[in-house]
file upload30.pdb (PDB, C-alpha atoms, pLDDT in the B column)
ATOM      1  CA  MET A   1       0.000   0.000   0.000  1.00 45.00           C
ATOM      2  CA  LYS A   2       2.889   2.393   0.889  1.00 38.00           C
ATOM      3  CA  LYS A   3       4.507   1.757  -2.497  1.00 40.00           C
ATOM      4  CA  ILE A   4       1.291   2.667  -4.336  1.00 40.00           C
ATOM      5  CA  ILE A   5       0.858   5.907  -2.345  1.00 40.00           C
ATOM      6  CA  ALA A   6       4.499   6.889  -3.028  1.00 41.00           C
ATOM      7  CA  MET A   7       4.061   6.315  -6.745  1.00 40.00           C
ATOM      8  CA  ILE A   8       0.895   8.423  -6.821  1.00 40.00           C
ATOM      9  CA  LEU A   9       2.628  11.299  -4.987  1.00 38.00           C
ATOM     10  CA  PHE A  10       5.596  11.139  -7.391  1.00 39.00           C
ATOM     11  CA  ALA A  11       3.261  11.275 -10.390  1.00 42.00           C
ATOM     12  CA  ILE A  12       1.408  14.294  -8.955  1.00 42.00           C
ATOM     13  CA  LEU A  13       4.656  16.166  -8.219  1.00 42.00           C
ATOM     14  CA  PHE A  14       6.073  15.414 -11.656  1.00 44.00           C
ATOM     15  CA  SER A  15       2.904  16.551 -13.447  1.00 48.00           C
ATOM     16  CA  CYS A  16       2.912  19.842 -11.526  1.00 49.00           C
ATOM     17  CA  THR A  17       6.467  20.765 -12.504  1.00 48.00           C
ATOM     18  CA  ASP A  18       6.610  24.140 -14.293  1.00 52.00           C
ATOM     19  CA  ASN A  19       7.089  23.549 -18.037  1.00 50.00           C
ATOM     20  CA  SER A  20       9.374  26.582 -18.356  1.00 48.00           C
ATOM     21  CA  THR A  21      11.648  25.128 -15.662  1.00 45.00           C
ATOM     22  CA  MET A  22      11.899  21.887 -17.594  1.00 42.00           C
ATOM     23  CA  GLU A  23      12.690  23.773 -20.807  1.00 48.00           C
ATOM     24  CA  ARG A  24      15.397  25.733 -19.019  1.00 50.00           C
ATOM     25  CA  PHE A  25      17.177  22.559 -18.037  1.00 42.00           C
ATOM     26  CA  ASP A  26      16.608  20.861 -21.391  1.00 48.00           C
ATOM     27  CA  LYS A  27      18.031  23.690 -23.524  1.00 66.00           C
ATOM     28  CA  ALA A  28      21.733  23.440 -24.420  1.00 87.00           C
ATOM     29  CA  GLN A  29      23.854  26.428 -23.439  1.00 90.00           C
ATOM     30  CA  LYS A  30      27.412  27.659 -23.991  1.00 91.00           C
ATOM     31  CA  ALA A  31      29.415  30.408 -22.334  1.00 92.00           C
ATOM     32  CA  ALA A  32      30.559  33.035 -24.846  1.00 92.00           C
ATOM     33  CA  GLU A  33      33.494  35.390 -24.466  1.00 95.00           C
ATOM     34  CA  VAL A  34      34.107  38.369 -26.771  1.00 96.00           C
ATOM     35  CA  ASN A  35      37.314  40.383 -26.443  1.00 97.00           C
ATOM     36  CA  ILE A  36      36.913  43.796 -28.062  1.00 97.00           C
ATOM     37  CA  LYS A  37      39.851  45.975 -29.121  1.00 94.00           C
ATOM     38  CA  GLY A  38      38.970  49.071 -31.108  1.00 94.00           C
ATOM     39  CA  TYR A  39      39.881  52.641 -31.895  1.00 93.00           C
ATOM     40  CA  SER A  40      37.751  55.574 -33.014  1.00 94.00           C
ATOM     41  CA  LYS A  41      38.691  59.150 -33.786  1.00 90.00           C
ATOM     42  CA  PRO A  42      37.108  61.671 -33.904  1.00 92.00           C
ATOM     43  CA  ASP A  43      33.695  59.927 -33.717  1.00 95.00           C
ATOM     44  CA  VAL A  44      32.276  58.844 -30.362  1.00 97.00           C
ATOM     45  CA  LEU A  45      30.951  55.264 -30.501  1.00 97.00           C
ATOM     46  CA  GLN A  46      28.567  53.106 -28.528  1.00 98.00           C
ATOM     47  CA  LEU A  47      28.611  49.305 -28.383  1.00 98.00           C
ATOM     48  CA  ARG A  48      25.304  47.507 -27.865  1.00 97.00           C
ATOM     49  CA  LEU A  49      24.529  43.884 -27.071  1.00 96.00           C
ATOM     50  CA  ASN A  50      20.985  43.010 -28.144  1.00 95.00           C
ATOM     51  CA  GLY A  51      20.168  46.710 -28.215  1.00 95.00           C
ATOM     52  CA  GLN A  52      21.468  47.439 -24.712  1.00 96.00           C
ATOM     53  CA  PRO A  53      24.404  49.878 -24.356  1.00 97.00           C
ATOM     54  CA  ILE A  54      27.631  48.336 -23.039  1.00 97.00           C
ATOM     55  CA  GLU A  55      29.398  50.267 -20.306  1.00 96.00           C
ATOM     56  CA  ILE A  56      33.186  50.549 -20.389  1.00 96.00           C
ATOM     57  CA  ASN A  57      34.796  52.087 -17.317  1.00 94.00           C
ATOM     58  CA  GLY A  58      31.404  53.434 -16.296  1.00 95.00           C
ATOM     59  CA  LYS A  59      30.714  55.103 -19.648  1.00 96.00           C
ATOM     60  CA  SER A  60      28.182  54.103 -22.312  1.00 96.00           C
ATOM     61  CA  SER A  61      29.951  55.991 -25.129  1.00 97.00           C
ATOM     62  CA  TYR A  62      33.652  56.221 -25.902  1.00 96.00           C
ATOM     63  CA  THR A  63      36.356  57.410 -28.270  1.00 93.00           C
ATOM     64  CA  ASP A  64      40.080  56.827 -28.896  1.00 92.00           C
ATOM     65  CA  LYS A  65      41.123  53.422 -27.484  1.00 92.00           C
ATOM     66  CA  ILE A  66      38.149  51.110 -26.848  1.00 95.00           C
ATOM     67  CA  GLU A  67      38.785  47.826 -25.042  1.00 95.00           C
ATOM     68  CA  THR A  68      36.509  45.528 -23.059  1.00 96.00           C
ATOM     69  CA  GLN A  69      35.559  41.880 -22.548  1.00 97.00           C
ATOM     70  CA  LEU A  70      32.006  40.565 -22.778  1.00 95.00           C
ATOM     71  CA  MET A  71      30.889  37.291 -21.180  1.00 95.00           C
ATOM     72  CA  PHE A  72      27.367  35.916 -21.619  1.00 92.00           C
ATOM     73  CA  VAL A  73      25.433  32.690 -22.085  1.00 92.00           C
ATOM     74  CA  LEU A  74      24.237  31.534 -25.502  1.00 91.00           C
ATOM     75  CA  ASP A  75      21.200  29.271 -25.816  1.00 91.00           C
ATOM     76  CA  GLU A  76      20.993  26.827 -28.685  1.00 91.00           C
ATOM     77  CA  GLY A  77      18.757  28.206 -31.421  1.00 90.00           C
ATOM     78  CA  GLU A  78      18.960  31.794 -30.217  1.00 90.00           C
ATOM     79  CA  THR A  79      20.867  34.753 -31.686  1.00 92.00           C
ATOM     80  CA  ASP A  80      22.710  37.599 -29.972  1.00 95.00           C
ATOM     81  CA  GLU A  81      23.648  40.784 -31.818  1.00 96.00           C
ATOM     82  CA  LEU A  82      26.660  42.949 -31.068  1.00 97.00           C
ATOM     83  CA  GLY A  83      26.444  46.337 -32.779  1.00 97.00           C
ATOM     84  CA  ILE A  84      28.759  49.319 -33.146  1.00 98.00           C
ATOM     85  CA  TYR A  85      26.982  52.680 -33.441  1.00 98.00           C
ATOM     86  CA  ASN A  86      27.857  56.314 -33.989  1.00 96.00           C
ATOM     87  CA  ASN A  87      26.758  57.764 -30.649  1.00 96.00           C
ATOM     88  CA  GLU A  88      25.782  61.157 -32.080  1.00 95.00           C
ATOM     89  CA  THR A  89      23.761  60.040 -35.113  1.00 95.00           C
ATOM     90  CA  GLY A  90      22.665  56.574 -33.947  1.00 95.00           C
ATOM     91  CA  THR A  91      23.878  55.107 -37.250  1.00 95.00           C
ATOM     92  CA  GLN A  92      24.901  51.465 -37.101  1.00 97.00           C
ATOM     93  CA  ILE A  93      28.485  51.096 -38.333  1.00 96.00           C
ATOM     94  CA  ALA A  94      28.954  47.342 -37.923  1.00 96.00           C
ATOM     95  CA  LYS A  95      26.976  44.314 -36.756  1.00 96.00           C
ATOM     96  CA  TYR A  96      28.116  40.909 -35.508  1.00 97.00           C
ATOM     97  CA  THR A  97      25.521  38.132 -35.293  1.00 97.00           C
ATOM     98  CA  ILE A  98      26.633  35.674 -32.618  1.00 96.00           C
ATOM     99  CA  THR A  99      25.032  32.248 -32.226  1.00 95.00           C
ATOM    100  CA  TYR A 100      25.474  29.010 -30.313  1.00 93.00           C
ATOM    101  CA  ASN A 101      27.255  27.551 -33.348  1.00 93.00           C
ATOM    102  CA  ASN A 102      29.516  30.440 -34.443  1.00 95.00           C
ATOM    103  CA  PHE A 103      30.515  32.223 -31.224  1.00 93.00           C
ATOM    104  CA  GLU A 104      34.126  31.022 -31.499  1.00 94.00           C
ATOM    105  CA  ASP A 105      34.447  33.165 -34.654  1.00 95.00           C
ATOM    106  CA  TYR A 106      33.851  36.284 -32.543  1.00 95.00           C
ATOM    107  CA  LYS A 107      36.154  35.560 -29.632  1.00 95.00           C
ATOM    108  CA  ASN A 108      38.219  38.552 -30.766  1.00 95.00           C
ATOM    109  CA  VAL A 109      36.573  41.579 -32.386  1.00 95.00           C
ATOM    110  CA  SER A 110      38.888  44.365 -33.552  1.00 93.00           C
ATOM    111  CA  PHE A 111      38.231  47.578 -35.473  1.00 94.00           C
ATOM    112  CA  PHE A 112      39.445  51.037 -36.475  1.00 92.00           C
ATOM    113  CA  ASN A 113      36.836  53.727 -37.082  1.00 93.00           C
ATOM    114  CA  LEU A 114      38.400  56.701 -38.869  1.00 89.00           C
ATOM    115  CA  PRO A 115      37.049  59.474 -41.130  1.00 85.00           C
ATOM    116  CA  GLY A 116      35.700  57.805 -44.243  1.00 81.00           C
ATOM    117  CA  ILE A 117      36.707  54.248 -43.368  1.00 88.00           C
ATOM    118  CA  PHE A 118      35.914  51.409 -40.959  1.00 92.00           C
ATOM    119  CA  LEU A 119      38.473  48.595 -40.676  1.00 92.00           C
ATOM    120  CA  GLN A 120      37.677  45.279 -39.030  1.00 92.00           C
ATOM    121  CA  THR A 121      41.247  44.554 -38.001  1.00 90.00           C
ATOM    122  CA  TYR A 122      43.699  45.074 -35.161  1.00 82.00           C
ATOM    123  CA  ALA A 123      47.083  46.720 -35.516  1.00 84.00           C
ATOM    124  CA  VAL A 124      50.019  47.694 -33.355  1.00 87.00           C
ATOM    125  CA  LYS A 125      52.345  50.492 -34.423  1.00 91.00           C
ATOM    126  CA  PRO A 126      55.666  48.837 -35.278  1.00 94.00           C
ATOM    127  CA  GLN A 127      58.949  49.938 -33.745  1.00 94.00           C
ATOM    128  CA  VAL A 128      61.145  51.676 -36.321  1.00 95.00           C
ATOM    129  CA  ASN A 129      64.574  52.987 -35.340  1.00 96.00           C
ATOM    130  CA  LEU A 130      65.615  56.618 -35.720  1.00 93.00           C
ATOM    131  CA  GLY A 131      66.576  57.479 -39.283  1.00 94.00           C
ATOM    132  CA  LYS A 132      64.598  54.573 -40.711  1.00 96.00           C
ATOM    133  CA  VAL A 133      61.284  54.317 -42.565  1.00 96.00           C
ATOM    134  CA  GLY A 134      58.885  51.417 -42.144  1.00 97.00           C
ATOM    135  CA  PHE A 135      55.851  50.556 -44.293  1.00 97.00           C
ATOM    136  CA  GLU A 136      52.910  48.211 -43.709  1.00 97.00           C
ATOM    137  CA  PHE A 137      49.858  47.851 -45.975  1.00 98.00           C
ATOM    138  CA  ILE A 138      46.284  46.606 -45.930  1.00 97.00           C
ATOM    139  CA  PHE A 139      43.827  46.629 -48.859  1.00 97.00           C
ATOM    140  CA  PRO A 140      40.288  46.188 -47.424  1.00 94.00           C
ATOM    141  CA  ASN A 141      38.231  47.074 -50.531  1.00 94.00           C
ATOM    142  CA  LEU A 142      40.360  45.210 -53.080  1.00 97.00           C
ATOM    143  CA  GLY A 143      38.139  44.456 -56.076  1.00 96.00           C
ATOM    144  CA  GLU A 144      35.357  46.936 -55.268  1.00 96.00           C
ATOM    145  CA  PHE A 145      35.918  48.944 -58.466  1.00 97.00           C
ATOM    146  CA  SER A 146      38.516  46.909 -60.372  1.00 97.00           C
ATOM    147  CA  GLY A 147      36.301  43.814 -60.273  1.00 96.00           C
ATOM    148  CA  THR A 148      39.153  41.473 -59.350  1.00 97.00           C
ATOM    149  CA  SER A 149      38.326  38.411 -57.260  1.00 96.00           C
ATOM    150  CA  LEU A 150      41.819  38.281 -55.747  1.00 97.00           C
ATOM    151  CA  ASP A 151      42.180  38.207 -51.955  1.00 96.00           C
ATOM    152  CA  GLY A 152      45.624  39.807 -52.060  1.00 97.00           C
ATOM    153  CA  VAL A 153      48.170  41.486 -54.304  1.00 98.00           C
ATOM    154  CA  LYS A 154      51.947  41.818 -54.529  1.00 98.00           C
ATOM    155  CA  GLY A 155      53.435  45.242 -53.783  1.00 98.00           C
ATOM    156  CA  VAL A 156      56.800  46.653 -54.855  1.00 98.00           C
ATOM    157  CA  LEU A 157      57.872  49.892 -53.159  1.00 98.00           C
ATOM    158  CA  LYS A 158      60.208  52.043 -55.268  1.00 97.00           C
ATOM    159  CA  ARG A 159      61.996  55.374 -55.382  1.00 95.00           C
ATOM    160  CA  GLU A 160      61.438  57.767 -58.272  1.00 92.00           C
ATOM    161  CA  ASN A 161      64.553  56.402 -60.009  1.00 93.00           C
ATOM    162  CA  GLY A 162      63.133  52.866 -59.935  1.00 94.00           C
ATOM    163  CA  LEU A 163      65.312  51.584 -57.068  1.00 96.00           C
ATOM    164  CA  VAL A 164      63.385  48.922 -55.145  1.00 97.00           C
ATOM    165  CA  LEU A 165      63.043  49.754 -51.445  1.00 97.00           C
ATOM    166  CA  ALA A 166      60.924  46.804 -50.326  1.00 97.00           C
ATOM    167  CA  GLU A 167      58.656  44.035 -51.625  1.00 98.00           C
ATOM    168  CA  PHE A 168      55.412  42.798 -50.079  1.00 98.00           C
ATOM    169  CA  ASP A 169      54.468  39.303 -51.221  1.00 97.00           C
ATOM    170  CA  ASN A 170      50.814  39.530 -50.230  1.00 97.00           C
ATOM    171  CA  ILE A 171      48.877  42.677 -49.315  1.00 98.00           C
ATOM    172  CA  GLY A 172      45.499  41.362 -48.188  1.00 97.00           C
ATOM    173  CA  LYS A 173      42.076  42.593 -47.172  1.00 95.00           C
ATOM    174  CA  LYS A 174      41.965  41.593 -43.512  1.00 91.00           C
ATOM    175  CA  ASP A 175      45.356  42.178 -41.905  1.00 93.00           C
ATOM    176  CA  PHE A 176      48.306  44.507 -42.222  1.00 96.00           C
ATOM    177  CA  THR A 177      51.439  43.072 -43.799  1.00 97.00           C
ATOM    178  CA  SER A 178      54.638  42.691 -41.820  1.00 96.00           C
ATOM    179  CA  VAL A 179      56.638  45.913 -41.649  1.00 97.00           C
ATOM    180  CA  LYS A 180      59.447  46.443 -44.170  1.00 97.00           C
ATOM    181  CA  ILE A 181      62.158  48.957 -43.199  1.00 97.00           C
ATOM    182  CA  TYR A 182      64.696  50.990 -45.192  1.00 96.00           C
ATOM    183  CA  ASN A 183      66.946  54.028 -44.638  1.00 95.00           C
ATOM    184  CA  PHE A 184      65.232  57.414 -44.827  1.00 93.00           C
ATOM    185  CA  PHE A 185      66.508  59.396 -47.832  1.00 91.00           C
ATOM    186  CA  SER A 186      64.369  62.513 -48.355  1.00 88.00           C
ATOM    187  CA  ALA A 187      61.825  64.665 -46.554  1.00 81.00           C
ATOM    188  CA  THR A 188      60.168  65.734 -49.806  1.00 87.00           C
ATOM    189  CA  ALA A 189      60.600  62.944 -52.372  1.00 89.00           C
ATOM    190  CA  PRO A 190      57.596  60.597 -52.658  1.00 91.00           C
ATOM    191  CA  VAL A 191      57.814  56.841 -53.013  1.00 96.00           C
ATOM    192  CA  TYR A 192      55.705  54.633 -55.281  1.00 97.00           C
ATOM    193  CA  LEU A 193      53.981  51.322 -54.700  1.00 98.00           C
ATOM    194  CA  GLU A 194      53.370  49.188 -57.783  1.00 98.00           C
ATOM    195  CA  LEU A 195      50.715  46.490 -57.467  1.00 98.00           C
ATOM    196  CA  TYR A 196      50.752  43.117 -59.213  1.00 98.00           C
ATOM    197  CA  LYS A 197      49.122  39.716 -59.118  1.00 97.00           C
ATOM    198  CA  THR A 198      50.826  37.713 -56.396  1.00 96.00           C
ATOM    199  CA  GLY A 199      53.953  35.960 -57.661  1.00 94.00           C
ATOM    200  CA  THR A 200      53.949  37.767 -61.033  1.00 96.00           C
ATOM    201  CA  THR A 201      54.869  41.058 -62.691  1.00 95.00           C
ATOM    202  CA  GLU A 202      51.367  41.459 -64.190  1.00 97.00           C
ATOM    203  CA  PRO A 203      49.062  44.254 -62.958  1.00 97.00           C
ATOM    204  CA  TYR A 204      46.463  42.737 -60.633  1.00 98.00           C
ATOM    205  CA  ALA A 205      43.705  44.099 -62.872  1.00 96.00           C
ATOM    206  CA  GLY A 206      43.701  45.570 -66.366  1.00 92.00           C
ATOM    207  CA  SER A 207      46.843  45.957 -68.461  1.00 92.00           C
ATOM    208  CA  ASN A 208      48.340  49.240 -67.249  1.00 94.00           C
ATOM    209  CA  ILE A 209      50.839  49.512 -64.400  1.00 94.00           C
ATOM    210  CA  ILE A 210      49.022  50.258 -61.136  1.00 97.00           C
ATOM    211  CA  LYS A 211      51.116  52.795 -59.244  1.00 97.00           C
ATOM    212  CA  VAL A 212      50.255  54.449 -55.914  1.00 97.00           C
ATOM    213  CA  THR A 213      52.072  57.642 -54.882  1.00 96.00           C
ATOM    214  CA  LEU A 214      52.891  57.687 -51.172  1.00 96.00           C
ATOM    215  CA  LYS A 215      54.257  60.227 -48.740  1.00 90.00           C
ATOM    216  CA  GLN A 216      56.992  58.748 -46.551  1.00 89.00           C
ATOM    217  CA  ASP A 217      57.373  59.758 -42.925  1.00 91.00           C
ATOM    218  CA  ILE A 218      60.317  58.872 -40.732  1.00 94.00           C
ATOM    219  CA  GLY A 219      59.241  55.968 -38.547  1.00 95.00           C
ATOM    220  CA  ALA A 220      56.160  53.834 -39.102  1.00 96.00           C
ATOM    221  CA  ASN A 221      53.762  54.211 -42.054  1.00 96.00           C
ATOM    222  CA  MET A 222      50.649  51.980 -41.876  1.00 96.00           C
ATOM    223  CA  ILE A 223      48.887  52.616 -45.161  1.00 96.00           C
ATOM    224  CA  VAL A 224      45.305  51.698 -46.025  1.00 96.00           C
ATOM    225  CA  LEU A 225      45.061  51.149 -49.792  1.00 97.00           C
ATOM    226  CA  GLN A 226      41.688  51.938 -51.347  1.00 96.00           C
ATOM    227  CA  GLU A 227      40.211  51.506 -54.798  1.00 96.00           C
ATOM    228  CA  LYS A 228      38.335  54.669 -55.765  1.00 95.00           C
ATOM    229  CA  MET A 229      36.606  56.131 -58.788  1.00 96.00           C
ATOM    230  CA  GLU A 230      38.038  59.349 -60.260  1.00 95.00           C
ATOM    231  CA  ASN A 231      36.531  60.881 -63.386  1.00 94.00           C
ATOM    232  CA  GLY A 232      34.952  57.568 -64.314  1.00 93.00           C
ATOM    233  CA  VAL A 233      38.206  55.606 -63.945  1.00 94.00           C
ATOM    234  CA  TRP A 234      39.165  53.378 -61.007  1.00 96.00           C
ATOM    235  CA  VAL A 235      42.435  54.176 -59.262  1.00 97.00           C
ATOM    236  CA  VAL A 236      44.227  53.080 -56.092  1.00 97.00           C
ATOM    237  CA  LYS A 237      44.988  55.592 -53.340  1.00 96.00           C
ATOM    238  CA  GLY A 238      47.048  55.364 -50.167  1.00 95.00           C
ATOM    239  CA  ASP A 239      45.965  58.525 -48.358  1.00 92.00           C
ATOM    240  CA  ILE A 240      45.125  57.031 -44.950  1.00 92.00           C
ATOM    241  CA  ASP A 241      47.951  56.301 -42.540  1.00 93.00           C
ATOM    242  CA  ILE A 242      46.780  54.464 -39.412  1.00 91.00           C
ATOM    243  CA  ALA A 243      50.092  55.290 -37.708  1.00 91.00           C
ATOM    244  CA  ASP A 244      48.946  58.921 -37.450  1.00 88.00           C
ATOM    245  CA  TYR A 245      46.276  57.790 -34.955  1.00 83.00           C
ATOM    246  CA  LEU A 246      48.356  55.443 -32.794  1.00 80.00           C
TER     247      LEU A 246
END
call {"tool": "encode", "arguments": {"input": "upload30.pdb", "output": "C-alpha cells"}}
result
Amino acid sequence: MKKIIAMILFAILFSCTDNSTMERFDKAQKAAEVNIKGYSKPDVLQLRLNGQPIEINGKSSYTDKIETQLMFVLDEGETDELGIYNNETGTQIAKYTITYNNFEDYKNVSFFNLPGIFLQTYAVKPQVNLGKVGFEFIFPNLGEFSGTSLDGVKGVLKRENGLVLAEFDNIGKKDFTSVKIYNFFSATAPVYLELYKTGTTEPYAGSNIIKVTLKQDIGANMIVLQEKMENGVWVVKGDIDIADYL
C-alpha cells in the first residue's frame, strides 16, 4: 500500500512541474566570451549587445582606445547581436551576429573607425629605429571597383629612379602586412607602390601599371590602400595612414 501511495505522490509532483523550468534545463547552453579591441577618432561610438548599451569604465559611449571583454550565455537556437553605433547620429556602423554555433568566430573583435573608413582589423604600431622608414599595408576594398576576385596582391615599393626599397608578397584585405624597413633618404621625395598579381609582374587588374604615390614619414607608415573612382576611372589611393592615430 505504501509503495502505491508513493508512486501516486511522485506522479502528482512530476505533473505539476513548471514547463518553463523543464525547458530551461533541457536547452543546451554555452558560455561566450568576446574580447573587443577598437579605436575611433574623432567619432564617439557606442557598443550595444541586443540593443542594450555596453558600459566601459562606467561610460556608455567612448572614443580613442576602446577595449573591453564581454561574457554571456548563448542558448541553442537563439541569436545575440553585437552592434557598433555612432553615438551622435545613432547610425549602425557594424553588426556581428553571434550564435550558439559560431561564437568562437567572434572571440576577438577588432576595429578602427576613422574618417571615411571602418576597418575590421587590429594593428600595433611597429617599432622603427631613428633614421629609418617602415611601411605596412592593408587593402580592405580590393576588387570593389577593379572587379578582381583576388584576396591579395603583390606590392613593390620604389623610389622615383626605380630603385626597389621593399617588396610585399601579399597585401590582403583583412590584416596589415609585416613591416618592411629601409633608410630614410628625403623629406620631400615621394615613393611609389606598384601592385601586381601575387607571384607575377602582371598588374592585378587591367593591363596598365598600377602605381600608388605615397608620402613617406620617418618611422612607421601603416597605409590603407583603397580603390576609388576618379573621373569615371578606377584608381588606387594610399591617403590614410593608421600610424597617425596610434
call {"tool": "residues_around", "arguments": {"input": "upload30.pdb", "residues": "Gly131 of chain A", "least_positions_apart": "2", "cutoff": "9 Å", "atoms": "only C-alpha atoms", "output": "list in words"}}
result
Val128, Asn129, Val133, Tyr182, Asn183, Phe184, Phe185, Ile218 and Gly219 of chain A
call {"tool": "write_last_selection", "arguments": {"input": "upload30.pdb", "atoms": "C-alpha atoms", "output": "mmCIF file, in the frame of the given file"}}
result
data_model
loop_
_atom_site.group_PDB
_atom_site.id
_atom_site.type_symbol
_atom_site.label_atom_id
_atom_site.label_comp_id
_atom_site.auth_asym_id
_atom_site.auth_seq_id
_atom_site.Cartn_x
_atom_site.Cartn_y
_atom_site.Cartn_z
ATOM 1 C CA VAL A 128 61.145 51.676 -36.321
ATOM 2 C CA ASN A 129 64.574 52.987 -35.340
ATOM 3 C CA VAL A 133 61.284 54.317 -42.565
ATOM 4 C CA TYR A 182 64.696 50.990 -45.192
ATOM 5 C CA ASN A 183 66.946 54.028 -44.638
ATOM 6 C CA PHE A 184 65.232 57.414 -44.827
ATOM 7 C CA PHE A 185 66.508 59.396 -47.832
ATOM 8 C CA ILE A 218 60.317 58.872 -40.732
ATOM 9 C CA GLY A 219 59.241 55.968 -38.547
#
call {"tool": "resolve_selection", "arguments": {"input": "upload30.pdb", "expression": "the PyMOL selection byres ((chain A and resi 78) around 9)", "output": "NGL selection string"}}
result
:A and (74-77 or 79-80 or 98-100)
call {"tool": "write_last_selection", "arguments": {"input": "upload30.pdb", "atoms": "C-alpha atoms", "output": "PDB file, keeping the file's coordinate frame"}}
result
ATOM      1  CA  LEU A  74      24.237  31.534 -25.502  1.00 91.00           C
ATOM      2  CA  ASP A  75      21.200  29.271 -25.816  1.00 91.00           C
ATOM      3  CA  GLU A  76      20.993  26.827 -28.685  1.00 91.00           C
ATOM      4  CA  GLY A  77      18.757  28.206 -31.421  1.00 90.00           C
ATOM      5  CA  THR A  79      20.867  34.753 -31.686  1.00 92.00           C
ATOM      6  CA  ASP A  80      22.710  37.599 -29.972  1.00 95.00           C
ATOM      7  CA  ILE A  98      26.633  35.674 -32.618  1.00 96.00           C
ATOM      8  CA  THR A  99      25.032  32.248 -32.226  1.00 95.00           C
ATOM      9  CA  TYR A 100      25.474  29.010 -30.313  1.00 93.00           C
TER      10      TYR A 100
END
call {"tool": "closest_residue", "arguments": {"input": "upload30.pdb", "among": "A:Gln29, A:Val164, A:Val233, A:Lys158", "to": "Phe72 of chain A", "atoms": "all atoms listed in the file"}}
result
A:Gln29
call {"tool": "closest_atom_pairs", "arguments": {"input": "upload30.pdb", "of": "segment 72-187 of chain A", "to": "segment 195-202 of chain A", "cutoff": "8 Å", "atoms": "all atoms listed in the file", "output": "CSV"}}
result
residue,atom,partner,partner_atom,distance
A:Gly152,CA,A:Thr198,CA,7.1
A:Val153,CA,A:Thr198,CA,5.1
A:Lys154,CA,A:Thr198,CA,4.6
A:Gly155,CA,A:Leu195,CA,4.7
A:Val156,CA,A:Leu195,CA,6.6
A:Asp169,CA,A:Thr198,CA,6.5
A:Asn170,CA,A:Thr198,CA,6.4
call {"tool": "write_last_selection", "arguments": {"input": "upload30.pdb", "atoms": "C-alpha atoms", "output": "CSV table (one decimal), in the coordinates of the input"}}
result
chain,number,residue,atom,x,y,z
A,152,GLY,CA,45.6,39.8,-52.1
A,153,VAL,CA,48.2,41.5,-54.3
A,154,LYS,CA,51.9,41.8,-54.5
A,155,GLY,CA,53.4,45.2,-53.8
A,156,VAL,CA,56.8,46.7,-54.9
A,169,ASP,CA,54.5,39.3,-51.2
A,170,ASN,CA,50.8,39.5,-50.2
call {"tool": "residues_around", "arguments": {"input": "upload30.pdb", "residues": "Thr188 of chain A", "least_positions_apart": "4", "cutoff": "10 Å", "atoms": "only C-alpha atoms", "output": "PDB file with C-alpha atoms, in the frame of the given file"}}
result
ATOM      1  CA  LYS A 215      54.257  60.227 -48.740  1.00 90.00           C
ATOM      2  CA  GLN A 216      56.992  58.748 -46.551  1.00 89.00           C
ATOM      3  CA  ASP A 217      57.373  59.758 -42.925  1.00 91.00           C
TER       4      ASP A 217
END
call {"tool": "resolve_selection", "arguments": {"input": "upload30.pdb", "expression": "the PyMOL selection byres ((chain A and resi 36) around 10)", "output": "PDB file with C-alpha atoms, keeping the file's coordinate frame"}}
result
ATOM      1  CA  GLU A  33      33.494  35.390 -24.466  1.00 95.00           C
ATOM      2  CA  VAL A  34      34.107  38.369 -26.771  1.00 96.00           C
ATOM      3  CA  ASN A  35      37.314  40.383 -26.443  1.00 97.00           C
ATOM      4  CA  LYS A  37      39.851  45.975 -29.121  1.00 94.00           C
ATOM      5  CA  GLY A  38      38.970  49.071 -31.108  1.00 94.00           C
ATOM      6  CA  LEU A  47      28.611  49.305 -28.383  1.00 98.00           C
ATOM      7  CA  ILE A  66      38.149  51.110 -26.848  1.00 95.00           C
ATOM      8  CA  GLU A  67      38.785  47.826 -25.042  1.00 95.00           C
ATOM      9  CA  THR A  68      36.509  45.528 -23.059  1.00 96.00           C
ATOM     10  CA  GLN A  69      35.559  41.880 -22.548  1.00 97.00           C
ATOM     11  CA  LEU A  70      32.006  40.565 -22.778  1.00 95.00           C
ATOM     12  CA  TYR A 106      33.851  36.284 -32.543  1.00 95.00           C
ATOM     13  CA  LYS A 107      36.154  35.560 -29.632  1.00 95.00           C
ATOM     14  CA  ASN A 108      38.219  38.552 -30.766  1.00 95.00           C
ATOM     15  CA  VAL A 109      36.573  41.579 -32.386  1.00 95.00           C
ATOM     16  CA  SER A 110      38.888  44.365 -33.552  1.00 93.00           C
ATOM     17  CA  PHE A 111      38.231  47.578 -35.473  1.00 94.00           C
ATOM     18  CA  TYR A 122      43.699  45.074 -35.161  1.00 82.00           C
TER      19      TYR A 122
END
call {"tool": "atom_distance", "arguments": {"input": "upload30.pdb", "atom1": "atom CA of Gln52 of chain A", "atom2": "atom CA of Leu82 of chain A"}}
result
9.4 Å
call {"tool": "resolve_selection", "arguments": {"input": "upload30.pdb", "expression": "the PyMOL selection byres ((chain A and resi 157) around 10)", "output": "list in words"}}
result
Phe135, Gly155, Val156, Lys158, Arg159, Gly162, Leu163, Val164, Leu165, Ala166, Glu167, Phe168, Lys180, Val191, Tyr192, Leu193, Glu194, Leu195, Lys211, Val212, Thr213 and Leu214 of chain A
call {"tool": "write_last_selection", "arguments": {"input": "upload30.pdb", "atoms": "C-alpha atoms", "output": "tab-separated table (two decimals), in the frame of the given file"}}
result
chain	number	residue	atom	x	y	z
A	135	PHE	CA	55.85	50.56	-44.29
A	155	GLY	CA	53.44	45.24	-53.78
A	156	VAL	CA	56.80	46.65	-54.86
A	158	LYS	CA	60.21	52.04	-55.27
A	159	ARG	CA	62.00	55.37	-55.38
A	162	GLY	CA	63.13	52.87	-59.94
A	163	LEU	CA	65.31	51.58	-57.07
A	164	VAL	CA	63.38	48.92	-55.14
A	165	LEU	CA	63.04	49.75	-51.44
A	166	ALA	CA	60.92	46.80	-50.33
A	167	GLU	CA	58.66	44.04	-51.62
A	168	PHE	CA	55.41	42.80	-50.08
A	180	LYS	CA	59.45	46.44	-44.17
A	191	VAL	CA	57.81	56.84	-53.01
A	192	TYR	CA	55.70	54.63	-55.28
A	193	LEU	CA	53.98	51.32	-54.70
A	194	GLU	CA	53.37	49.19	-57.78
A	195	LEU	CA	50.72	46.49	-57.47
A	211	LYS	CA	51.12	52.80	-59.24
A	212	VAL	CA	50.26	54.45	-55.91
A	213	THR	CA	52.07	57.64	-54.88
A	214	LEU	CA	52.89	57.69	-51.17
